[in-house]
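Read the structure below first, then the notes.
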Amino acid sequence: MTIIVVASGKGGVGKTTLAMNLAEGLARRGNTLVVDTDPQQSALQWWRVSDEGSRLRFDVTAGDAEAVGRIHDWRASHRYVVIDCPPSFAAEQTREALVKADVLLVPMQPSPVDLWAGTHVAEWVSEAKAVNPALRACIVLNQVEPKTRLGQGVKDVMGELGVPALAAVIRRRAAFRTAALIGSTVYAMGRRGEDAVKEIENVITEVLRYDAERQESNG
């Protein structure tokens with residue numbers, strides 16, 4: 001089982017949108033579960049809008065820190081588990097998730113505010129690695145406006161945060177917003193979602209490569 005945690009130090013970065021679309025792509029590779037630990041329960045609401053999961057290929061469940069602590073109970077039934085965390089690295093659920101995680105994804109928008117909020121990411125990652133040395137952490141540049149100098153500049157600065165950024169980026173696309181509104185994902189949107197699907201697939205490819213490297217290094 002591969003445990004992927006999606007967490008951030010602030011809200012409004014597209015965390016749940018990323019988690020739900022990643023889960024849909026992963027579900028095409030194996031049974032997938034999203035654990036919604038955010039008190040706002042956006043992922044669970046997404047599931048409800050989808051007619052209780054009828055338009056999704058994966059399961060969604062609510063969970064607190066205690067539930068995250070028992071995450072390996074799902075090992076027999078799920079190949080992938082995506083944990084959607086509260087917008088705080090200090091939250092108990094997030095801290096517990098980082099202890100269990102194989103890969104941490106930190107979505108960040110190309111803005112100075114996100115960079116300011118991201119300055120402490122390396123500290124939290126370092127603390128998590130003290131008890132979970134195999135953890136792989138990456139920043140995902142999310143909701144990027146195409147062909148803007150700001151986006152490229154922020155990505156360059158992200159290299160100084162102490163946590164690597166994925167080569168794959170997620171652009172700001174109407175397909176992501178529409179999918180959320182109808183309780184679906186970009187995978188179900190046909191041609192309108194093709195470019196968005198390619199971006200999600202690029203992220204998944206990198207994440208699974210990181211996980212394979214992690215498993216190899218651990219013997």
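Ordered as shown in the structure tokens, chains take letters A, B, and onward, while each chain numbers its residues from 1 and ligands are numbered from 1 in the order shown.
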### Query
Could you name the residues that touch Asn31 in chain A at 12 Å or less, counting only C-alpha atoms, but leaving out those on the same chain fewer than 4 positions away, as a PyMOL selection string?
chain A and resi 1-2+23-27+56-60+74-82
### Task
Can you pull out every residue within 12 Å of range 171-187 of chain A, counting only C-alpha atoms, but drop anything in the same chain fewer than 3 positions away, and send it as a VMD selection string?
chain A and resid 13 to 28 42 to 58 107 to 110 140 to 148 151 168 190 to 201
### Message
What parts of range 30-145 of chain A does DSSP call alpha helix (DSSP H)? I'd like the answer as a PyMOL selection string.
### Response
chain A and resi 42-49+65-69+92-100+112-118+121-131
Mind writing the picked residues with N, CA, C and O atoms as a compact mmCIF listing (two decimals), in the first residue's frame?
# COMPACT_ATOMS: atom_id res chain seq x y z
N SER A 42 -14.31 18.78 2.67
CA SER A 42 -14.57 19.10 1.26
C SER A 42 -14.58 17.84 0.39
O SER A 42 -15.39 17.71 -0.53
N ALA A 43 -13.67 16.92 0.68
CA ALA A 43 -13.62 15.68 -0.11
C ALA A 43 -14.88 14.86 0.09
O ALA A 43 -15.44 14.28 -0.85
N LEU A 44 -15.36 14.82 1.32
CA LEU A 44 -16.57 14.06 1.60
C LEU A 44 -17.79 14.72 0.94
O LEU A 44 -18.68 14.02 0.43
N GLN A 45 -17.81 16.05 0.93
CA GLN A 45 -18.90 16.75 0.25
C GLN A 45 -18.85 16.49 -1.25
O GLN A 45 -19.90 16.30 -1.89
N TRP A 46 -17.66 16.45 -1.81
CA TRP A 46 -17.46 16.12 -3.22
C TRP A 46 -18.07 14.74 -3.50
O TRP A 46 -18.77 14.55 -4.50
N TRP A 47 -17.79 13.80 -2.60
CA TRP A 47 -18.33 12.44 -2.74
C TRP A 47 -19.85 12.45 -2.71
O TRP A 47 -20.51 11.75 -3.48
N ARG A 48 -20.42 13.25 -1.82
CA ARG A 48 -21.88 13.33 -1.74
C ARG A 48 -22.47 13.89 -3.02
O ARG A 48 -23.50 13.40 -3.52
N VAL A 49 -21.85 14.93 -3.57
CA VAL A 49 -22.32 15.54 -4.82
C VAL A 49 -22.27 14.53 -5.96
O VAL A 49 -23.07 14.58 -6.90
N ALA A 65 -7.32 11.97 13.54
CA ALA A 65 -5.95 11.51 13.78
C ALA A 65 -5.90 10.05 14.21
O ALA A 65 -5.01 9.30 13.82
N GLU A 66 -6.89 9.64 15.01
CA GLU A 66 -6.93 8.25 15.46
C GLU A 66 -7.12 7.30 14.28
O GLU A 66 -6.48 6.25 14.19
N ALA A 67 -8.00 7.68 13.34
CA ALA A 67 -8.23 6.85 12.16
C ALA A 67 -6.98 6.77 11.30
O ALA A 67 -6.64 5.70 10.76
N VAL A 68 -6.28 7.90 11.16
CA VAL A 68 -5.04 7.90 10.38
C VAL A 68 -4.02 6.98 11.02
O VAL A 68 -3.26 6.29 10.33
N GLY A 69 -4.01 6.95 12.34
CA GLY A 69 -3.07 6.06 13.04
C GLY A 69 -3.31 4.59 12.75
O GLY A 69 -2.40 3.78 12.89
N GLU A 92 -3.21 17.99 14.40
CA GLU A 92 -2.90 16.63 14.86
C GLU A 92 -3.05 15.62 13.73
O GLU A 92 -2.24 14.69 13.60
N GLN A 93 -4.09 15.80 12.89
CA GLN A 93 -4.31 14.86 11.79
C GLN A 93 -3.13 14.88 10.81
O GLN A 93 -2.70 13.84 10.31
N THR A 94 -2.64 16.09 10.52
CA THR A 94 -1.53 16.22 9.57
C THR A 94 -0.27 15.59 10.14
O THR A 94 0.45 14.86 9.44
N ARG A 95 0.01 15.86 11.39
CA ARG A 95 1.22 15.31 12.01
C ARG A 95 1.18 13.78 12.02
O ARG A 95 2.20 13.13 11.74
N GLU A 96 0.02 13.22 12.32
CA GLU A 96 -0.12 11.76 12.32
C GLU A 96 0.02 11.21 10.90
O GLU A 96 0.64 10.16 10.68
N ALA A 97 -0.54 11.93 9.92
CA ALA A 97 -0.45 11.49 8.52
C ALA A 97 0.99 11.47 8.04
O ALA A 97 1.40 10.57 7.31
N LEU A 98 1.77 12.46 8.44
CA LEU A 98 3.17 12.52 8.00
C LEU A 98 3.99 11.37 8.57
O LEU A 98 4.94 10.91 7.94
N VAL A 99 3.61 10.89 9.72
CA VAL A 99 4.30 9.74 10.31
C VAL A 99 4.03 8.49 9.49
O VAL A 99 4.91 7.62 9.35
N LYS A 100 2.82 8.40 8.90
CA LYS A 100 2.44 7.21 8.15
C LYS A 100 2.76 7.31 6.66
O LYS A 100 2.78 6.30 5.95
N PRO A 112 3.41 35.19 -3.92
CA PRO A 112 4.26 35.48 -2.76
C PRO A 112 3.66 34.97 -1.46
O PRO A 112 4.39 34.51 -0.57
N VAL A 113 2.33 35.06 -1.32
CA VAL A 113 1.68 34.61 -0.09
C VAL A 113 1.93 33.13 0.15
O VAL A 113 2.21 32.70 1.28
N ASP A 114 1.85 32.34 -0.91
CA ASP A 114 2.12 30.91 -0.77
C ASP A 114 3.57 30.66 -0.40
O ASP A 114 3.87 29.76 0.40
N LEU A 115 4.46 31.42 -0.97
CA LEU A 115 5.86 31.27 -0.63
C LEU A 115 6.12 31.60 0.83
O LEU A 115 6.87 30.89 1.51
N TRP A 116 5.49 32.65 1.32
CA TRP A 116 5.66 33.00 2.73
C TRP A 116 5.14 31.88 3.62
O TRP A 116 5.77 31.53 4.62
N ALA A 117 3.99 31.32 3.25
CA ALA A 117 3.41 30.23 4.03
C ALA A 117 4.26 28.97 3.93
O ALA A 117 4.23 28.11 4.81
N GLY A 118 5.02 28.85 2.83
CA GLY A 118 5.80 27.64 2.60
C GLY A 118 7.18 27.64 3.22
O GLY A 118 7.89 26.63 3.15
N VAL A 121 7.78 24.72 5.54
CA VAL A 121 7.53 23.35 5.09
C VAL A 121 8.70 22.44 5.40
O VAL A 121 8.54 21.32 5.90
N ALA A 122 9.92 22.91 5.12
CA ALA A 122 11.10 22.09 5.34
C ALA A 122 11.24 21.70 6.81
O ALA A 122 11.69 20.59 7.13
N GLU A 123 10.83 22.59 7.72
CA GLU A 123 10.92 22.29 9.14
C GLU A 123 9.99 21.14 9.51
O GLU A 123 10.38 20.23 10.25
N TRP A 124 8.76 21.19 8.98
CA TRP A 124 7.81 20.13 9.28
C TRP A 124 8.25 18.81 8.65
O TRP A 124 8.10 17.74 9.26
N VAL A 125 8.79 18.88 7.45
CA VAL A 125 9.27 17.67 6.79
C VAL A 125 10.42 17.06 7.58
O VAL A 125 10.49 15.85 7.79
N SER A 126 11.33 17.90 8.03
CA SER A 126 12.46 17.42 8.81
C SER A 126 12.00 16.75 10.11
O SER A 126 12.50 15.69 10.49
N GLU A 127 11.00 17.36 10.76
CA GLU A 127 10.45 16.78 11.99
C GLU A 127 9.80 15.43 11.71
O GLU A 127 9.97 14.47 12.48
N ALA A 128 9.07 15.35 10.60
CA ALA A 128 8.41 14.08 10.24
C ALA A 128 9.44 13.00 9.93
O ALA A 128 9.27 11.84 10.31
N LYS A 129 10.51 13.38 9.24
CA LYS A 129 11.53 12.40 8.86
C LYS A 129 12.29 11.86 10.06
O LYS A 129 12.91 10.80 9.98
N ALA A 130 12.24 12.58 11.16
CA ALA A 130 12.90 12.09 12.37
C ALA A 130 12.27 10.79 12.85
O ALA A 130 12.94 9.94 13.44
N VAL A 131 10.97 10.63 12.57
CA VAL A 131 10.26 9.40 12.96
C VAL A 131 9.84 8.57 11.75
O VAL A 131 9.44 7.42 11.89
### Query
Nearest to Thr37 in chain A: which of A:Cys85, A:Val203, A:Ile4, A:Leu166 is it, counting only C-alpha atoms?
A:Cys85
Asp211 in chain A environment, 8 Å, only C-alpha atoms, sequence neighbours closer than 5 positions dropped, as a compact mmCIF listing (two decimals) with all heavy atoms, in the first residue's frame:
# COMPACT_ATOMS: atom_id res chain seq x y z
N THR A 2 0.52 2.19 -0.83
CA THR A 2 1.22 3.47 -0.89
C THR A 2 0.33 4.55 -0.29
O THR A 2 -0.81 4.72 -0.70
CB THR A 2 1.57 3.83 -2.34
OG1 THR A 2 2.45 2.84 -2.89
CG2 THR A 2 2.26 5.20 -2.41
N ASP A 102 4.10 7.73 2.81
CA ASP A 102 5.20 7.37 1.94
C ASP A 102 5.65 8.59 1.14
O ASP A 102 6.83 8.83 0.96
CB ASP A 102 4.79 6.25 0.98
CG ASP A 102 4.40 4.98 1.72
OD1 ASP A 102 5.19 4.54 2.59
OD2 ASP A 102 3.31 4.44 1.46
N VAL A 103 4.67 9.35 0.65
CA VAL A 103 4.94 10.55 -0.15
C VAL A 103 4.07 11.69 0.36
O VAL A 103 2.87 11.52 0.58
CB VAL A 103 4.65 10.31 -1.65
CG1 VAL A 103 4.92 11.58 -2.45
CG2 VAL A 103 5.49 9.15 -2.19
N ARG A 136 9.13 10.77 1.41
CA ARG A 136 9.54 11.60 0.29
C ARG A 136 8.57 12.78 0.20
O ARG A 136 7.36 12.58 0.16
CB ARG A 136 9.51 10.81 -1.02
CG ARG A 136 10.52 9.66 -1.09
CD ARG A 136 11.94 10.17 -1.10
NE ARG A 136 12.92 9.11 -1.23
CZ ARG A 136 13.48 8.74 -2.37
NH1 ARG A 136 13.16 9.34 -3.50
NH2 ARG A 136 14.37 7.77 -2.41
